[in-house]
Amino acid sequence: MVRVDFGDYKEEVILINTEYGYRAYINRCRHLPVSLDWGDGEVLDASGKMLECRTHGALYRMKDGLCVAGPCQGAPLARVDLEERDGSVYLANSDSSDESEDVI
Ligand code: FES
C-alpha cells in the first residue's frame, strides 16, 4: 500500500506484483466508497490470488481489478497506470525530472 499525491488530492494505492507485471489500483471498493482493507493493508483473499474487500467480501482479479464475485460484480477497481523503467516502478506520465517524487 502506498500513498500517492496526484496534485490536488492524495489516494491510497494498492501496488501488487502479478504474473502480468505490476498493477496499481485505488484502494476503494466499487460497492461502497470504503477501502478494501480495514487499515491494516490486508487486501488478499485466503488463496492469495484475489483482492478482497473486507467489508462484504467482493473479490477482484489482480490482473485487471475486475470484481468477479460479490455485490459489485462486473465493476473494476480504479486503475493507476504505471511504467517500469530501469528496475523501478513509476506513475505513468509523471515528470521524470524528479524521479524521486514519483517512484513507488
Ligand atoms: S463495501 Fe466492499 S463489498 Fe461492500
# chains A, B, ... in the order shown; residues from 1 in each chain; ligands from 1

call {"tool": "residues_around", "arguments": {"residues": "Tyr25 in chain A", "least_positions_apart": "5", "cutoff": "9 Å", "atoms": "only C-alpha atoms", "output": "ChimeraX atom specification"}}
result
/A:12-16,65,77-81

call {"tool": "write_last_selection", "arguments": {"atoms": "N, CA and C atoms", "output": "JSON list (two decimals), in the first residue's frame"}}
result
[["chain", "number", "residue", "atom", "x", "y", "z"],
["A", 12, "GLU", "N", -4.76, 6.41, -1.41],
["A", 12, "GLU", "CA", -4.07, 5.20, -1.02],
["A", 12, "GLU", "C", -4.17, 4.23, -2.19],
["A", 13, "VAL", "N", -3.04, 3.69, -2.61],
["A", 13, "VAL", "CA", -2.98, 2.85, -3.79],
["A", 13, "VAL", "C", -2.45, 1.47, -3.40],
["A", 14, "ILE", "N", -3.12, 0.45, -3.92],
["A", 14, "ILE", "CA", -2.68, -0.93, -3.75],
["A", 14, "ILE", "C", -1.70, -1.22, -4.89],
["A", 15, "LEU", "N", -0.48, -1.55, -4.56],
["A", 15, "LEU", "CA", 0.53, -1.88, -5.57],
["A", 15, "LEU", "C", 0.86, -3.35, -5.41],
["A", 16, "ILE", "N", 0.68, -4.11, -6.49],
["A", 16, "ILE", "CA", 0.92, -5.55, -6.43],
["A", 16, "ILE", "C", 1.75, -5.99, -7.63],
["A", 65, "GLY", "N", -8.28, -5.86, -12.01],
["A", 65, "GLY", "CA", -9.09, -5.22, -10.98],
["A", 65, "GLY", "C", -10.58, -5.47, -11.10],
["A", 77, "LEU", "N", -11.96, -2.06, -10.13],
["A", 77, "LEU", "CA", -11.29, -1.06, -9.31],
["A", 77, "LEU", "C", -10.70, 0.00, -10.23],
["A", 78, "ALA", "N", -10.53, 1.20, -9.71],
["A", 78, "ALA", "CA", -9.90, 2.27, -10.49],
["A", 78, "ALA", "C", -8.40, 1.99, -10.60],
["A", 79, "ARG", "N", -7.96, 1.87, -11.83],
["A", 79, "ARG", "CA", -6.57, 1.50, -12.06],
["A", 79, "ARG", "C", -5.68, 2.74, -12.14],
["A", 80, "VAL", "N", -4.47, 2.60, -11.63],
["A", 80, "VAL", "CA", -3.45, 3.64, -11.73],
["A", 80, "VAL", "C", -2.40, 3.12, -12.70],
["A", 81, "ASP", "N", -2.17, 3.85, -13.79],
["A", 81, "ASP", "CA", -1.20, 3.41, -14.79],
["A", 81, "ASP", "C", 0.23, 3.56, -14.27]]

call {"tool": "closest_atom_pairs", "arguments": {"of": "chain A", "to": "ligand 1", "cutoff": "7 Å", "atoms": "only C-alpha atoms and all ligand atoms", "output": "tab-separated table"}}
result
residue	atom	partner	partner_atom_place_in_ligand_line	distance
A:Cys29	CA	ligand 1	2 (Fe)	4.7
A:Arg30	CA	ligand 1	2 (Fe)	6.5
A:His31	CA	ligand 1	4 (Fe)	4.7
A:Leu32	CA	ligand 1	1 (S)	4.4
A:Pro33	CA	ligand 1	1 (S)	6.8
A:Val34	CA	ligand 1	1 (S)	5.9
A:Leu36	CA	ligand 1	2 (Fe)	6.2
A:Cys53	CA	ligand 1	2 (Fe)	4.7
A:Arg54	CA	ligand 1	2 (Fe)	6.6
A:Thr55	CA	ligand 1	1 (S)	5.0
A:His56	CA	ligand 1	3 (S)	3.9
A:Gly57	CA	ligand 1	3 (S)	5.1
A:Ala58	CA	ligand 1	3 (S)	4.3
A:Gly70	CA	ligand 1	3 (S)	6.2
A:Pro71	CA	ligand 1	3 (S)	5.8
A:Cys72	CA	ligand 1	3 (S)	6.7

call {"tool": "closest_residue", "arguments": {"among": "A:Gly7, A:Tyr90, A:Asp64, A:Thr18", "to": "Lys49 in chain A", "atoms": "only C-alpha atoms"}}
result
A:Thr18

call {"tool": "select_by_dssp", "arguments": {"residues": "chain A", "states": "strand (DSSP E or B)", "output": "tab-separated table (two decimals) with C-alpha atoms, in the first residue's frame"}}
result
chain	number	residue	atom	x	y	z
A	2	VAL	CA	1.37	3.37	-0.96
A	3	ARG	CA	0.04	6.89	-0.58
A	4	VAL	CA	0.16	8.76	-3.90
A	5	ASP	CA	-0.06	12.52	-4.34
A	10	LYS	CA	-3.93	12.03	-2.37
A	11	GLU	CA	-5.05	8.44	-2.62
A	12	GLU	CA	-4.07	5.20	-1.02
A	13	VAL	CA	-2.98	2.85	-3.79
A	14	ILE	CA	-2.68	-0.93	-3.75
A	15	LEU	CA	0.53	-1.88	-5.57
A	16	ILE	CA	0.92	-5.55	-6.43
A	17	ASN	CA	3.37	-7.57	-8.47
A	18	THR	CA	1.36	-10.07	-10.51
A	21	GLY	CA	3.53	-7.32	-14.17
A	22	TYR	CA	2.97	-4.59	-11.61
A	23	ARG	CA	-0.58	-3.37	-11.11
A	24	ALA	CA	-1.88	-0.48	-9.06
A	25	TYR	CA	-5.44	0.28	-8.00
A	26	ILE	CA	-7.03	2.96	-5.89
A	44	LEU	CA	-5.64	-10.51	-0.32
A	50	MET	CA	-7.53	-12.24	-5.46
A	51	LEU	CA	-8.04	-8.84	-3.89
A	52	GLU	CA	-10.83	-8.97	-1.34
A	59	LEU	CA	-13.38	-10.37	-4.94
A	60	TYR	CA	-11.30	-8.57	-7.57
A	61	ARG	CA	-8.88	-10.07	-10.08
A	66	LEU	CA	-12.42	-6.60	-12.21
A	67	CYS	CA	-14.84	-7.64	-9.48
A	68	VAL	CA	-15.78	-11.26	-10.21
A	69	ALA	CA	-17.84	-12.02	-7.10
A	76	PRO	CA	-13.45	-2.78	-11.88
A	79	ARG	CA	-6.57	1.50	-12.06
A	82	LEU	CA	2.42	2.52	-14.14
A	83	GLU	CA	5.66	2.44	-16.07
A	84	GLU	CA	8.58	0.16	-15.33
A	85	ARG	CA	11.98	1.67	-16.13
A	88	SER	CA	11.84	0.78	-10.80
A	89	VAL	CA	8.11	1.46	-10.99
A	90	TYR	CA	6.80	4.96	-11.70
A	91	LEU	CA	3.43	6.57	-12.13
A	103	VAL	CA	8.92	6.26	-7.87

call {"tool": "atom_distance", "arguments": {"atom1": "CA of Gly41 in chain A", "atom2": "CA of Asp86 in chain A"}}
result
27.2 Å

call {"tool": "atom_distance", "arguments": {"atom1": "CA of Ala46 in chain A", "atom2": "CA of Lys63 in chain A"}}
result
17.3 Å

call {"tool": "closest_residue", "arguments": {"among": "A:Met1, A:Ala92, A:Met62, A:Tyr20", "to": "Glu42 in chain A", "atoms": "only C-alpha atoms"}}
result
A:Met1

call {"tool": "atom_distance", "arguments": {"atom1": "CA of Phe6 in chain A", "atom2": "CA of Asn93 in chain A"}}
result
11.6 Å

call {"tool": "select_by_dssp", "arguments": {"residues": "chain A", "states": "alpha helix (DSSP H)", "output": "ChimeraX atom specification"}}
result
/A:99-102

call {"tool": "write_last_selection", "arguments": {"atoms": "N, CA and C atoms", "output": "CSV table (one decimal), in the first residue's frame"}}
result
chain,number,residue,atom,x,y,z
A,99,GLU,N,12.6,12.1,-10.4
A,99,GLU,CA,12.0,10.7,-10.3
A,99,GLU,C,11.8,10.3,-8.8
A,100,SER,N,12.5,10.9,-7.9
A,100,SER,CA,12.4,10.5,-6.5
A,100,SER,C,10.9,10.8,-6.0
A,101,GLU,N,10.3,11.8,-6.7
A,101,GLU,CA,8.9,12.1,-6.3
A,101,GLU,C,7.9,11.1,-6.7
A,102,ASP,N,8.2,10.4,-7.8
A,102,ASP,CA,7.2,9.5,-8.5
A,102,ASP,C,7.4,8.0,-8.4

call {"tool": "decode", "arguments": {"residues": "range 44-62 of chain A", "atoms": "N, CA and C atoms", "output": "PDB file, in the first residue's frame"}}
result
ATOM      1  N   LEU A  44      -5.615  -9.245   0.398  1.00  0.00           N
ATOM      2  CA  LEU A  44      -5.645 -10.512  -0.324  1.00  0.00           C
ATOM      3  C   LEU A  44      -6.665 -11.457   0.299  1.00  0.00           C
ATOM      4  N   ASP A  45      -7.285 -12.284  -0.558  1.00  0.00           N
ATOM      5  CA  ASP A  45      -8.190 -13.303  -0.037  1.00  0.00           C
ATOM      6  C   ASP A  45      -7.363 -14.463   0.527  1.00  0.00           C
ATOM      7  N   ALA A  46      -8.038 -15.489   1.008  1.00  0.00           N
ATOM      8  CA  ALA A  46      -7.349 -16.609   1.655  1.00  0.00           C
ATOM      9  C   ALA A  46      -6.414 -17.335   0.693  1.00  0.00           C
ATOM     10  N   SER A  47      -6.751 -17.341  -0.604  1.00  0.00           N
ATOM     11  CA  SER A  47      -5.898 -18.029  -1.584  1.00  0.00           C
ATOM     12  C   SER A  47      -4.666 -17.214  -1.936  1.00  0.00           C
ATOM     13  N   GLY A  48      -4.710 -15.912  -1.678  1.00  0.00           N
ATOM     14  CA  GLY A  48      -3.617 -15.025  -2.052  1.00  0.00           C
ATOM     15  C   GLY A  48      -3.620 -14.671  -3.520  1.00  0.00           C
ATOM     16  N   LYS A  49      -4.688 -15.042  -4.240  1.00  0.00           N
ATOM     17  CA  LYS A  49      -4.744 -14.810  -5.683  1.00  0.00           C
ATOM     18  C   LYS A  49      -5.739 -13.736  -6.097  1.00  0.00           C
ATOM     19  N   MET A  50      -6.511 -13.250  -5.153  1.00  0.00           N
ATOM     20  CA  MET A  50      -7.528 -12.240  -5.457  1.00  0.00           C
ATOM     21  C   MET A  50      -7.426 -11.121  -4.425  1.00  0.00           C
ATOM     22  N   LEU A  51      -7.883  -9.940  -4.833  1.00  0.00           N
ATOM     23  CA  LEU A  51      -8.039  -8.838  -3.889  1.00  0.00           C
ATOM     24  C   LEU A  51      -9.431  -8.953  -3.299  1.00  0.00           C
ATOM     25  N   GLU A  52      -9.550  -8.777  -2.002  1.00  0.00           N
ATOM     26  CA  GLU A  52     -10.832  -8.972  -1.337  1.00  0.00           C
ATOM     27  C   GLU A  52     -11.195  -7.752  -0.503  1.00  0.00           C
ATOM     28  N   CYS A  53     -12.405  -7.286  -0.668  1.00  0.00           N
ATOM     29  CA  CYS A  53     -12.910  -6.235   0.198  1.00  0.00           C
ATOM     30  C   CYS A  53     -13.341  -6.869   1.516  1.00  0.00           C
ATOM     31  N   ARG A  54     -12.810  -6.365   2.590  1.00  0.00           N
ATOM     32  CA  ARG A  54     -13.096  -6.953   3.904  1.00  0.00           C
ATOM     33  C   ARG A  54     -14.529  -6.652   4.380  1.00  0.00           C
ATOM     34  N   THR A  55     -15.144  -5.617   3.836  1.00  0.00           N
ATOM     35  CA  THR A  55     -16.456  -5.234   4.351  1.00  0.00           C
ATOM     36  C   THR A  55     -17.538  -6.245   3.970  1.00  0.00           C
ATOM     37  N   HIS A  56     -17.683  -6.563   2.684  1.00  0.00           N
ATOM     38  CA  HIS A  56     -18.719  -7.505   2.258  1.00  0.00           C
ATOM     39  C   HIS A  56     -18.169  -8.629   1.388  1.00  0.00           C
ATOM     40  N   GLY A  57     -16.859  -8.703   1.238  1.00  0.00           N
ATOM     41  CA  GLY A  57     -16.247  -9.849   0.571  1.00  0.00           C
ATOM     42  C   GLY A  57     -16.158  -9.812  -0.942  1.00  0.00           C
ATOM     43  N   ALA A  58     -16.316  -8.653  -1.565  1.00  0.00           N
ATOM     44  CA  ALA A  58     -16.148  -8.603  -3.023  1.00  0.00           C
ATOM     45  C   ALA A  58     -14.747  -9.083  -3.391  1.00  0.00           C
ATOM     46  N   LEU A  59     -14.670  -9.857  -4.479  1.00  0.00           N
ATOM     47  CA  LEU A  59     -13.380 -10.374  -4.944  1.00  0.00           C
ATOM     48  C   LEU A  59     -13.022  -9.744  -6.273  1.00  0.00           C
ATOM     49  N   TYR A  60     -11.803  -9.240  -6.359  1.00  0.00           N
ATOM     50  CA  TYR A  60     -11.301  -8.566  -7.566  1.00  0.00           C
ATOM     51  C   TYR A  60     -10.096  -9.326  -8.105  1.00  0.00           C
ATOM     52  N   ARG A  61     -10.053  -9.454  -9.448  1.00  0.00           N
ATOM     53  CA  ARG A  61      -8.884 -10.071 -10.078  1.00  0.00           C
ATOM     54  C   ARG A  61      -7.702  -9.110  -9.975  1.00  0.00           C
ATOM     55  N   MET A  62      -6.524  -9.678  -9.773  1.00  0.00           N
ATOM     56  CA  MET A  62      -5.324  -8.842  -9.674  1.00  0.00           C
ATOM     57  C   MET A  62      -4.936  -8.261 -11.031  1.00  0.00           C
TER      58      MET A  62
END
